[in-house]
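Okay, so here's the structure we're looking at.
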Amino acid sequence: MRETAAKGTAVVGSIAERVHAGSKHVQDRYDLDTEGFDVAELRDWTAGRLLDRCEPTPTDERPDDPLLRTLRSLEDGLADYAADEDRVLRNALLEATLEEYGLTADRRTARPRGSAIDRYGLDADRLSEQVRETLQNGGHPMGRGHDQGLEPAIDAARGEGNAESLLASAGPLLTVLATIVARRDAGGAGFDSGSDAVRTALTAIEWILGRYGEHSSDADGSGDPEDGDGSERSASGESRWTITRALQALFVANLVAMGLGAIASYRNAPPIPEAVSGPGGEVIVTDEAVRAGKKVFQSAGLMDHGSILGNGGYFGVDLTADALALKTDAMRDFYARERAAKPFDALDDDGQAAVAAQVQRELDATSGPDAEYSAAESHAHRQVCEEYVERYHEGDLDRGIPTEFLDSAEQARRLADFALWTAWISHANRPGSKHSYTNDWPYAPASGNRPPTQSVVWSAISVILLVAGGGAGVWAYRVLDLAEPITGAIDVPAPDEVSVTPAQRAAARYVPVAGGLFALQTIIGGLLAHYHVERTGFYGIFEALGIDIVSLVPFAAGRTWHVNLAVLWISTLWLGGGLFLPGLFADRDPPFQSAGVTGLLGALVIAIVGAFVGVWLGIQGRFDPLSGEKWWWFGNEGLEYLEAGRLWKLMLLAGFAGWTGLVARGAKAGSLFEGESRSELGHLLVYAGGSIALLFAASMLYRPETNVAITEFWRWWVVHMWVEGVFEFFMIAVVSIALVAMGLLEQSEAERAILFEVFAIMGAGIVGVSHHYWWVGLPDLWVPVGTTFSTLEFVPVIFVLYRALGEYRSLAAQDEEFPYTLPFLFIVGATIWNFVGAGVLGFFLNLPLLNYYEHGTYLTLAHSHAATFGAFGLLALGLGVYILRVVTPEAAWDPTWFHRSFWLSNVGLATMVVGSLLPVGFLQLEAIYEEGFAAARDLEFYERPLVQKLSWARLPGDGLVIAGALAYAGTATAHLRRTGNDESRASSA
């Protein structure tokens, strides 16, 4: 017995000393603290345990075979000795064992197998004989410890058993390895290092040591793996199941919370008075006029020319702030002329103070459904209406507004009625409150609008929450012990060795289509950027050609296309990726899958063309918003990011639903749907895709007549929850599946990582939408709620970045032959930009006090560009490169221009954001604080010399991004053509 214990001690000592002294790069790779790794202590401790175990005991309590006891003790010893960092130590021991015997774990990259036999290319029948021969040669009888354990072990290696059966029966295979080690220590020949037996034993070590503590069986094999209801479930499965249930509960809780918030928002939405009368009883404006003005505003695309309540474009004025400033100035002049027969600016200080105080008192007055204007307000309302007729009907080229931009003076007056109503809710006190419906936004000292007290208080609280949330997140991340991608060099097959199904080839066509949309989007973006410095043309080119470019492509139409193209090319790549990835885990397509993938692409193109033509026709006034709803169904719905007419939206919604079904069919045909757990990778991918369609359906919950505050409530449900919720979910799912496909991450570990990060995202991201509700007329409750959850949104972004750095270390560890370096580069770049755009800038802008001042400025524009293109765009581009890398023959693959596209796009984006958008945003912030919000969005601000220089400084960055987009589109098209004649890797349909 003691001799057996000594042999077992030699096993431990041999591997442990290898880690400690003979393998420096293993120490570095796993960040081991070798000073704290006492080999002698571990060896002596294990020897003591072995001696205790080798005492005679009943056979039903101890394994019969002494060497098997040795290996079981080794399992216990490793787990107990390294309680805090057991996973790190176990991985290091496995790596050292591989080095000791010159072995390489042949992990597959493009089509991983669930079977150890397949992974290592072994002969199962010969394996069984070699294992038995090894045991017999080592002097170990084929008794109860082996005869009953070998067959389940071989079955498990074939892939015919589950994780628990492999765990319970891996002892004999580990015994093989221990026998070889002991015989070599004694001078024996042992087995050749490449033998099937050694490889299988190492596979077992990978299961046992790499996943210790995740299974329900105890170290002695005496524990009952069945749970209370008799079903077998490993500890890792139980952990994932627990997280899944918690995630489901969180999702339901979020929906309940947002549902209650929706009820409160409907009940407390700012009223639209049925009629507003002047002092003589004459009707100044009606609710019908206000609702008609909202239709004009949406149909003409003015949310993409300027903004309303701070939301929209940044080229024109914010209509709320503009109407409030014009109204305040007109009222001041009215009272000044009434008092002294001179304009307000001509009054002395005392006179100005008295008039200003009187105007503020009237603006602060609480008004309800039967609002009444003073004489000054009635005068101001008429003045603003005439100003809008001159600007939006007669035209103002300096503001980028062509003649008859609105077809009639009536439409312009209705637009003014709507803008003045939003100004009214921004200055009239909400009943029972000391501030307005919009929490006194925009900042307008002349009108009495200043930051509310709660914005200061909750800004301080948000900083505390960030620190606390970060600590809680680190604790949870540590407790769950989430695995990181493998950082050792792995042997992967060339893409030419991977079979490609017809559906995957069809999905690859999405890449050049998206590349073309990407290029078009950036070209239009360059035109829009130039509009900021030359508002009536484009370097004089169109004037020389006799083309009125401002009328042909107004800024509103150009920005609508630009914004929607960004969403569409990113979505197209994600659609293609969602359809492509399941094929990596399947040998064949479901019936008619390829036809479905191709048909979906065709339907997508039809919907895009129809939507863009409809938007242009709507902005050109081809559909009268005051007579019928053709503009709503076929033209321009006019809400930022959701501009497409309702018909085209319904087509897109049907497309999203069909895509989810195709993804589910593809995942079900392969190994992504294996197992009963709803947390399998296939289910997670389908859930992520289905969530995109589910939230897009929220855009169907409002009508043209809906109160703009309620419209904004549902619009942000779609936009924010896409970006901060399901897009993040989908991003994590896609990256994790790609890592599993490359062999850099185990599927079960990927599932746990996805569930944890999605839990963190949903815990903050869904309710975090409420920071968009602070200044749009929704109830006060959204300020504390939005502050709390918007702050916590930063926490999961940190973990996404942390995992990306781990992925980068994994990438750096690969040799020059690793075929997926380029897609990895895009993925890591996307995560870094996500941290900068959504994380750093997002948290900075979401502090309530700062957001009060910067809302609707270039700072938001910098945040949106960095987060949308930098994060989601680069990820989508990387996914497209990965697809083409797999389907393109090795001889035809040329990544040169893909590399250049990556760097052109990133340098261009950094130049744009850092060199132009952020500086202009900070200048706007200064102007707002000193003069009020309206001044920072007025034409006079944009014409300041420094602002003009910074606007010009953006153009080089725009040029680089355009060049990168053109390079990507051209290279993607060229590579897809090169795949046309490659049928050697085709799988069955």
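Identifiers in this document derive from the order of the structure tokens: chains are assigned A, B, ..., residues are numbered from 1 separately in each chain, and ligands are numbered from 1 in order of occurrence.
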For Tyr687 of chain A, find every residue with an atom within 9 Å (counting only C-alpha atoms), except residues of its own chain fewer than 5 positions away, and show them as a PDB file with N, CA, C and O atoms, in the first residue's frame.
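Writing done, so here's around14.pdb:
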```
ATOM      1  N   THR A 660     -35.633  34.638 -37.266  1.00  0.00           N
ATOM      2  CA  THR A 660     -35.543  33.890 -36.012  1.00  0.00           C
ATOM      3  C   THR A 660     -35.895  32.426 -36.233  1.00  0.00           C
ATOM      4  O   THR A 660     -35.244  31.525 -35.694  1.00  0.00           O
ATOM      5  N   GLY A 682     -27.631  27.271 -28.748  1.00  0.00           N
ATOM      6  CA  GLY A 682     -28.631  27.481 -29.788  1.00  0.00           C
ATOM      7  C   GLY A 682     -29.827  28.257 -29.281  1.00  0.00           C
ATOM      8  O   GLY A 682     -30.327  29.163 -29.952  1.00  0.00           O
ATOM      9  N   ILE A 692     -34.867  40.853 -30.668  1.00  0.00           N
ATOM     10  CA  ILE A 692     -34.805  41.983 -31.601  1.00  0.00           C
ATOM     11  C   ILE A 692     -36.176  42.207 -32.236  1.00  0.00           C
ATOM     12  O   ILE A 692     -36.667  43.337 -32.315  1.00  0.00           O
ATOM     13  N   PHE A 729     -26.810  41.488 -25.948  1.00  0.00           N
ATOM     14  CA  PHE A 729     -27.099  40.061 -25.801  1.00  0.00           C
ATOM     15  C   PHE A 729     -26.633  39.310 -27.047  1.00  0.00           C
ATOM     16  O   PHE A 729     -25.901  38.305 -26.966  1.00  0.00           O
ATOM     17  N   PHE A 730     -27.066  39.790 -28.202  1.00  0.00           N
ATOM     18  CA  PHE A 730     -26.718  39.134 -29.458  1.00  0.00           C
ATOM     19  C   PHE A 730     -25.207  39.175 -29.684  1.00  0.00           C
ATOM     20  O   PHE A 730     -24.603  38.195 -30.133  1.00  0.00           O
TER      21      PHE A 730
END
```
Would you pick out the contacts of Phe405 of chain A at 8 Å or less, using only C-alpha atoms, so that residues sharing its chain but fewer than 4 positions from it are not included, and give the list as JSON, numbers by chain? {"A": [300, 392, 393, 394, 395, 401, 620, 621]}
Just to be explicit: take each residue in the selection above, keep all heavy atoms, and write the result as a short mmCIF file (atom, residue, chain, number, x, y, z; two decimals), in the first residue's frame.
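Final output, again_23.cif:
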```
data_model
loop_
_atom_site.label_atom_id
_atom_site.label_comp_id
_atom_site.auth_asym_id
_atom_site.auth_seq_id
_atom_site.Cartn_x
_atom_site.Cartn_y
_atom_site.Cartn_z
N ALA A 300 -42.38 65.62 -42.54
CA ALA A 300 -41.31 66.39 -43.18
C ALA A 300 -39.92 65.97 -42.72
O ALA A 300 -38.92 66.50 -43.20
CB ALA A 300 -41.52 67.88 -42.89
N TYR A 392 -39.92 77.83 -42.70
CA TYR A 392 -40.15 76.47 -43.19
C TYR A 392 -40.99 76.40 -44.47
O TYR A 392 -40.96 75.37 -45.15
CB TYR A 392 -40.78 75.62 -42.10
CG TYR A 392 -39.86 75.39 -40.93
CD1 TYR A 392 -40.03 76.10 -39.74
CD2 TYR A 392 -38.80 74.50 -41.02
CE1 TYR A 392 -39.18 75.91 -38.66
CE2 TYR A 392 -37.94 74.30 -39.95
CZ TYR A 392 -38.13 75.01 -38.78
OH TYR A 392 -37.28 74.82 -37.72
N HIS A 393 -41.71 77.47 -44.77
CA HIS A 393 -42.47 77.49 -46.04
C HIS A 393 -41.75 78.32 -47.09
O HIS A 393 -41.53 77.84 -48.22
CB HIS A 393 -43.87 78.02 -45.81
CG HIS A 393 -44.66 78.20 -47.08
ND1 HIS A 393 -44.89 77.16 -47.97
CD2 HIS A 393 -45.26 79.31 -47.63
CE1 HIS A 393 -45.59 77.61 -49.00
NE2 HIS A 393 -45.83 78.91 -48.82
N GLU A 394 -41.36 79.52 -46.73
CA GLU A 394 -40.69 80.38 -47.70
C GLU A 394 -39.23 79.98 -47.89
O GLU A 394 -38.63 80.28 -48.93
CB GLU A 394 -40.80 81.84 -47.25
CG GLU A 394 -42.25 82.32 -47.20
CD GLU A 394 -42.38 83.73 -46.65
OE1 GLU A 394 -41.32 84.38 -46.45
OE2 GLU A 394 -43.51 84.17 -46.41
N GLY A 395 -38.65 79.31 -46.90
CA GLY A 395 -37.30 78.78 -47.04
C GLY A 395 -36.25 79.63 -46.35
O GLY A 395 -36.39 80.85 -46.22
N ILE A 401 -32.76 74.94 -45.31
CA ILE A 401 -34.18 74.71 -45.57
C ILE A 401 -34.53 75.30 -46.93
O ILE A 401 -34.51 76.53 -47.10
CB ILE A 401 -35.06 75.35 -44.49
CG1 ILE A 401 -34.66 74.79 -43.11
CG2 ILE A 401 -36.53 75.08 -44.77
CD1 ILE A 401 -35.34 75.50 -41.96
N GLN A 620 -40.34 65.15 -49.44
CA GLN A 620 -40.60 66.02 -50.58
C GLN A 620 -42.05 66.51 -50.62
O GLN A 620 -42.43 67.28 -51.51
CB GLN A 620 -40.28 65.28 -51.89
CG GLN A 620 -38.81 64.99 -52.09
CD GLN A 620 -37.98 66.24 -52.31
OE1 GLN A 620 -38.46 67.22 -52.86
NE2 GLN A 620 -36.72 66.21 -51.87
N GLY A 621 -42.86 66.07 -49.67
CA GLY A 621 -44.24 66.56 -49.60
C GLY A 621 -45.20 65.87 -50.53
O GLY A 621 -46.28 66.41 -50.81
#
```
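Straight-line separation from atom CA of Pro343 of chain A to atom CA of Ala325 of chain A: 15.9 Å.
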Show me, as a PyMOL selection string, the residues that have an atom within 9 Å of segment 661-668 of chain A when counting only C-alpha atoms, minus same-chain residues fewer than 2 positions from it. chain A and resi 503+575+578-583+585-586+589-590+593+596-597+656-659+670-674+681-683+685-686+689-690
Between atom CA of Ala375 of chain A and atom CA of Asp349 of chain A lies a distance of 23.7 Å
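As for atom CA of Val886 of chain A and atom CA of Ala741 of chain A, they are spaced 11.3 Å apart.
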I'd like the neighbourhood of Lys294 of chain A as a PDB file with N, CA and C atoms, in the first residue's frame, where a residue qualifies if any of its atoms comes within 12 Å (using only C-alpha atoms), though same-chain residues fewer than 3 positions away should be ignored.
```
ATOM      1  N   ILE A 272     -52.762  67.917 -23.570  1.00  0.00           N
ATOM      2  CA  ILE A 272     -52.893  68.799 -24.735  1.00  0.00           C
ATOM      3  C   ILE A 272     -54.246  69.493 -24.582  1.00  0.00           C
ATOM      4  N   ASP A 287     -56.350  71.424 -29.582  1.00  0.00           N
ATOM      5  CA  ASP A 287     -55.614  70.156 -29.526  1.00  0.00           C
ATOM      6  C   ASP A 287     -55.476  69.549 -30.919  1.00  0.00           C
ATOM      7  N   GLU A 288     -56.497  69.750 -31.769  1.00  0.00           N
ATOM      8  CA  GLU A 288     -56.408  69.232 -33.124  1.00  0.00           C
ATOM      9  C   GLU A 288     -55.273  69.889 -33.890  1.00  0.00           C
ATOM     10  N   ALA A 289     -55.074  71.191 -33.664  1.00  0.00           N
ATOM     11  CA  ALA A 289     -53.985  71.898 -34.339  1.00  0.00           C
ATOM     12  C   ALA A 289     -52.628  71.376 -33.870  1.00  0.00           C
ATOM     13  N   VAL A 290     -52.511  71.106 -32.582  1.00  0.00           N
ATOM     14  CA  VAL A 290     -51.245  70.583 -32.044  1.00  0.00           C
ATOM     15  C   VAL A 290     -50.952  69.206 -32.633  1.00  0.00           C
ATOM     16  N   ARG A 291     -51.959  68.339 -32.687  1.00  0.00           N
ATOM     17  CA  ARG A 291     -51.752  66.996 -33.232  1.00  0.00           C
ATOM     18  C   ARG A 291     -51.458  67.057 -34.733  1.00  0.00           C
ATOM     19  N   PHE A 297     -44.583  67.698 -38.538  1.00  0.00           N
ATOM     20  CA  PHE A 297     -43.219  67.529 -38.027  1.00  0.00           C
ATOM     21  C   PHE A 297     -42.653  66.174 -38.428  1.00  0.00           C
ATOM     22  N   GLN A 298     -43.413  65.110 -38.272  1.00  0.00           N
ATOM     23  CA  GLN A 298     -42.935  63.772 -38.590  1.00  0.00           C
ATOM     24  C   GLN A 298     -42.839  63.550 -40.096  1.00  0.00           C
ATOM     25  N   SER A 299     -43.855  63.952 -40.828  1.00  0.00           N
ATOM     26  CA  SER A 299     -43.876  63.710 -42.264  1.00  0.00           C
ATOM     27  C   SER A 299     -42.720  64.411 -42.973  1.00  0.00           C
ATOM     28  N   ALA A 300     -42.381  65.616 -42.540  1.00  0.00           N
ATOM     29  CA  ALA A 300     -41.314  66.390 -43.177  1.00  0.00           C
ATOM     30  C   ALA A 300     -39.924  65.965 -42.719  1.00  0.00           C
ATOM     31  N   GLY A 301     -39.852  65.024 -41.786  1.00  0.00           N
ATOM     32  CA  GLY A 301     -38.550  64.552 -41.324  1.00  0.00           C
ATOM     33  C   GLY A 301     -37.787  65.560 -40.492  1.00  0.00           C
ATOM     34  N   LEU A 302     -38.504  66.452 -39.812  1.00  0.00           N
ATOM     35  CA  LEU A 302     -37.823  67.505 -39.062  1.00  0.00           C
ATOM     36  C   LEU A 302     -37.114  66.986 -37.815  1.00  0.00           C
ATOM     37  N   MET A 303     -37.399  65.759 -37.398  1.00  0.00           N
ATOM     38  CA  MET A 303     -36.649  65.194 -36.285  1.00  0.00           C
ATOM     39  C   MET A 303     -35.236  64.807 -36.717  1.00  0.00           C
ATOM     40  N   ILE A 308     -36.631  67.709 -31.280  1.00  0.00           N
ATOM     41  CA  ILE A 308     -37.769  68.106 -30.454  1.00  0.00           C
ATOM     42  C   ILE A 308     -37.510  67.561 -29.054  1.00  0.00           C
ATOM     43  N   LEU A 319     -36.676  72.450 -31.781  1.00  0.00           N
ATOM     44  CA  LEU A 319     -37.918  73.207 -31.886  1.00  0.00           C
ATOM     45  C   LEU A 319     -38.462  73.613 -30.517  1.00  0.00           C
ATOM     46  N   GLN A 411     -49.390  74.438 -43.073  1.00  0.00           N
ATOM     47  CA  GLN A 411     -48.559  73.411 -42.466  1.00  0.00           C
ATOM     48  C   GLN A 411     -47.512  74.027 -41.543  1.00  0.00           C
ATOM     49  N   ALA A 412     -46.918  75.155 -41.963  1.00  0.00           N
ATOM     50  CA  ALA A 412     -45.913  75.823 -41.132  1.00  0.00           C
ATOM     51  C   ALA A 412     -46.531  76.319 -39.830  1.00  0.00           C
ATOM     52  N   ARG A 413     -47.754  76.849 -39.894  1.00  0.00           N
ATOM     53  CA  ARG A 413     -48.417  77.326 -38.654  1.00  0.00           C
ATOM     54  C   ARG A 413     -48.756  76.157 -37.738  1.00  0.00           C
ATOM     55  N   ARG A 414     -49.184  75.044 -38.315  1.00  0.00           N
ATOM     56  CA  ARG A 414     -49.457  73.886 -37.473  1.00  0.00           C
ATOM     57  C   ARG A 414     -48.165  73.367 -36.818  1.00  0.00           C
ATOM     58  N   LEU A 415     -47.065  73.436 -37.556  1.00  0.00           N
ATOM     59  CA  LEU A 415     -45.779  73.057 -36.970  1.00  0.00           C
ATOM     60  C   LEU A 415     -45.458  73.969 -35.785  1.00  0.00           C
ATOM     61  N   ALA A 416     -45.722  75.262 -35.945  1.00  0.00           N
ATOM     62  CA  ALA A 416     -45.478  76.207 -34.852  1.00  0.00           C
ATOM     63  C   ALA A 416     -46.374  75.895 -33.654  1.00  0.00           C
ATOM     64  N   ASP A 417     -47.642  75.529 -33.917  1.00  0.00           N
ATOM     65  CA  ASP A 417     -48.547  75.164 -32.813  1.00  0.00           C
ATOM     66  C   ASP A 417     -47.968  73.997 -32.011  1.00  0.00           C
ATOM     67  N   PHE A 418     -47.437  73.005 -32.718  1.00  0.00           N
ATOM     68  CA  PHE A 418     -46.859  71.836 -32.048  1.00  0.00           C
ATOM     69  C   PHE A 418     -45.601  72.222 -31.270  1.00  0.00           C
ATOM     70  N   ALA A 419     -44.707  72.995 -31.896  1.00  0.00           N
ATOM     71  CA  ALA A 419     -43.475  73.401 -31.226  1.00  0.00           C
ATOM     72  C   ALA A 419     -43.783  74.243 -29.991  1.00  0.00           C
ATOM     73  N   LEU A 420     -44.771  75.137 -30.090  1.00  0.00           N
ATOM     74  CA  LEU A 420     -45.134  75.986 -28.944  1.00  0.00           C
ATOM     75  C   LEU A 420     -45.778  75.171 -27.821  1.00  0.00           C
ATOM     76  N   TRP A 421     -46.489  74.100 -28.180  1.00  0.00           N
ATOM     77  CA  TRP A 421     -47.030  73.243 -27.116  1.00  0.00           C
ATOM     78  C   TRP A 421     -45.898  72.560 -26.349  1.00  0.00           C
ATOM     79  N   THR A 422     -44.867  72.074 -27.078  1.00  0.00           N
ATOM     80  CA  THR A 422     -43.728  71.473 -26.370  1.00  0.00           C
ATOM     81  C   THR A 422     -43.001  72.522 -25.534  1.00  0.00           C
ATOM     82  N   PRO A 625     -49.719  65.396 -45.000  1.00  0.00           N
ATOM     83  CA  PRO A 625     -50.000  64.864 -43.659  1.00  0.00           C
ATOM     84  C   PRO A 625     -51.316  65.360 -43.070  1.00  0.00           C
ATOM     85  N   LEU A 626     -51.886  66.425 -43.656  1.00  0.00           N
ATOM     86  CA  LEU A 626     -53.129  66.978 -43.115  1.00  0.00           C
ATOM     87  C   LEU A 626     -54.368  66.390 -43.786  1.00  0.00           C
ATOM     88  N   GLU A 637     -42.449  58.000 -41.466  1.00  0.00           N
ATOM     89  CA  GLU A 637     -43.036  58.068 -40.125  1.00  0.00           C
ATOM     90  C   GLU A 637     -42.342  59.122 -39.276  1.00  0.00           C
ATOM     91  N   GLY A 638     -41.080  59.417 -39.617  1.00  0.00           N
ATOM     92  CA  GLY A 638     -40.446  60.622 -39.115  1.00  0.00           C
ATOM     93  C   GLY A 638     -39.893  60.597 -37.710  1.00  0.00           C
ATOM     94  N   LEU A 639     -39.747  59.437 -37.095  1.00  0.00           N
ATOM     95  CA  LEU A 639     -39.186  59.351 -35.748  1.00  0.00           C
ATOM     96  C   LEU A 639     -37.776  58.772 -35.841  1.00  0.00           C
ATOM     97  N   ARG A 703     -49.536  55.974 -32.563  1.00  0.00           N
ATOM     98  CA  ARG A 703     -50.197  56.450 -33.779  1.00  0.00           C
ATOM     99  C   ARG A 703     -49.761  57.891 -34.054  1.00  0.00           C
ATOM    100  N   PRO A 704     -50.097  58.446 -35.222  1.00  0.00           N
ATOM    101  CA  PRO A 704     -49.724  59.839 -35.493  1.00  0.00           C
ATOM    102  C   PRO A 704     -50.291  60.810 -34.462  1.00  0.00           C
ATOM    103  N   GLU A 705     -51.483  60.501 -33.914  1.00  0.00           N
ATOM    104  CA  GLU A 705     -52.129  61.415 -32.973  1.00  0.00           C
ATOM    105  C   GLU A 705     -51.618  61.260 -31.542  1.00  0.00           C
ATOM    106  N   THR A 706     -50.787  60.261 -31.283  1.00  0.00           N
ATOM    107  CA  THR A 706     -50.339  59.983 -29.920  1.00  0.00           C
ATOM    108  C   THR A 706     -49.532  61.142 -29.366  1.00  0.00           C
ATOM    109  N   ASN A 707     -49.766  61.458 -28.096  1.00  0.00           N
ATOM    110  CA  ASN A 707     -48.987  62.473 -27.394  1.00  0.00           C
ATOM    111  C   ASN A 707     -47.498  62.201 -27.603  1.00  0.00           C
ATOM    112  N   VAL A 708     -46.727  63.240 -27.930  1.00  0.00           N
ATOM    113  CA  VAL A 708     -45.322  63.038 -28.256  1.00  0.00           C
ATOM    114  C   VAL A 708     -44.549  62.447 -27.078  1.00  0.00           C
ATOM    115  N   ALA A 709     -44.961  62.738 -25.844  1.00  0.00           N
ATOM    116  CA  ALA A 709     -44.283  62.153 -24.690  1.00  0.00           C
ATOM    117  C   ALA A 709     -44.459  60.631 -24.682  1.00  0.00           C
ATOM    118  N   THR A 711     -45.213  58.832 -27.377  1.00  0.00           N
ATOM    119  CA  THR A 711     -44.491  58.358 -28.560  1.00  0.00           C
ATOM    120  C   THR A 711     -43.019  58.142 -28.243  1.00  0.00           C
TER     121      THR A 711
END
```
Kindly provide the residues of segment 811-874 of chain A that approach segment 430-451 of chain A to within 12 Å, each paired with its closest atom pair and their distance in Å to one decimal, based on only C-alpha atoms, listed by chain and increasing number, as a tab-separated table.
```
residue	atom	partner	partner_atom	distance
A:Pro848	CA	A:Pro451	CA	9.3
A:Leu849	CA	A:Pro451	CA	7.1
A:Leu850	CA	A:Pro451	CA	9.7
A:Asn851	CA	A:Pro451	CA	10.1
A:Tyr852	CA	A:Pro451	CA	6.8
A:Tyr853	CA	A:Tyr443	CA	6.8
A:Glu854	CA	A:Tyr443	CA	9.8
A:His855	CA	A:Pro442	CA	8.7
A:Gly856	CA	A:Pro442	CA	9.6
A:Thr857	CA	A:Pro442	CA	11.8
```
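Residues in contact with Val840 of chain A at up to 9 Å, not including ones fewer than 5 positions away on its chain and judged by only C-alpha atoms, are A:Phe794, A:Asn834, A:Phe835, A:Leu845, A:His863.
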Env of Asn906 of chain A: 9 Å cut, atoms = only C-alpha atoms, seq-sep filter 4 positions within chain, self excluded. Answer as a list in words. Gly829, Gly870, Leu874, Ser901, Phe902, Ala910, Thr911, Leu960, Val961 and Gly964 of chain A
Wanna dump the segment 353-427 of chain A-segment 524-536 of chain A contacts at 7 Å for me, each residue with its shortest atom pair and the distance in Å to one decimal, counting only C-alpha atoms, ordered by chain and number, as a Markdown table?
```
| residue | atom | partner | partner_atom | distance |
| --- | --- | --- | --- | --- |
| A:Leu397 | CA | A:Thr536 | CA | 6.2 |
| A:Asp398 | CA | A:Arg535 | CA | 6.1 |
| A:Arg399 | CA | A:Arg535 | CA | 6.9 |
| A:Gly400 | CA | A:Arg535 | CA | 5.5 |
```
Prev. selection, N, CA, C and O atoms, output as a short mmCIF file (atom, residue, chain, number, x, y, z; two decimals), in the first residue's frame:
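Written out: out05.cif:
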```cif
data_model
loop_
_atom_site.label_atom_id
_atom_site.label_comp_id
_atom_site.auth_asym_id
_atom_site.auth_seq_id
_atom_site.Cartn_x
_atom_site.Cartn_y
_atom_site.Cartn_z
N LEU A 397 -32.10 79.13 -46.68
CA LEU A 397 -30.98 78.31 -47.11
C LEU A 397 -29.85 78.30 -46.10
O LEU A 397 -29.09 77.32 -46.01
N ASP A 398 -29.67 79.40 -45.35
CA ASP A 398 -28.62 79.41 -44.34
C ASP A 398 -28.86 78.33 -43.28
O ASP A 398 -27.92 77.84 -42.66
N ARG A 399 -30.10 77.97 -43.09
CA ARG A 399 -30.44 76.89 -42.15
C ARG A 399 -30.62 75.55 -42.87
O ARG A 399 -31.03 74.56 -42.25
N GLY A 400 -30.30 75.52 -44.17
CA GLY A 400 -30.44 74.28 -44.93
C GLY A 400 -31.87 73.94 -45.26
O GLY A 400 -32.18 72.75 -45.48
#
```
With DSSP run on the backbone, what are the alpha helix (DSSP H) residues within segment 429-574 of chain A? I'd like them as number ranges by chain. A: 453-480, 502-508, 510-531, 541-544, 549-552, 555-574
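Listed by chain and then by rising number, the residues of segment 417-601 of chain A that DSSP assigns to strand (DSSP E or B) from the backbone are Asn429, Ser436, Ala444, Asn449, Val500 and Arg588 of chain A.
Between Leu917 of chain A and the residues A:Ser951, A:Thr286, A:Gln454, A:Asn254, the shortest atom-to-atom distance, using only C-alpha atoms, involves A:Ser951.
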Nearest to Glu640 of chain A among A:Pro279, A:Gly312, A:Gly786, A:Gly515, with distances taken over only C-alpha atoms: which residue is it? A:Gly312
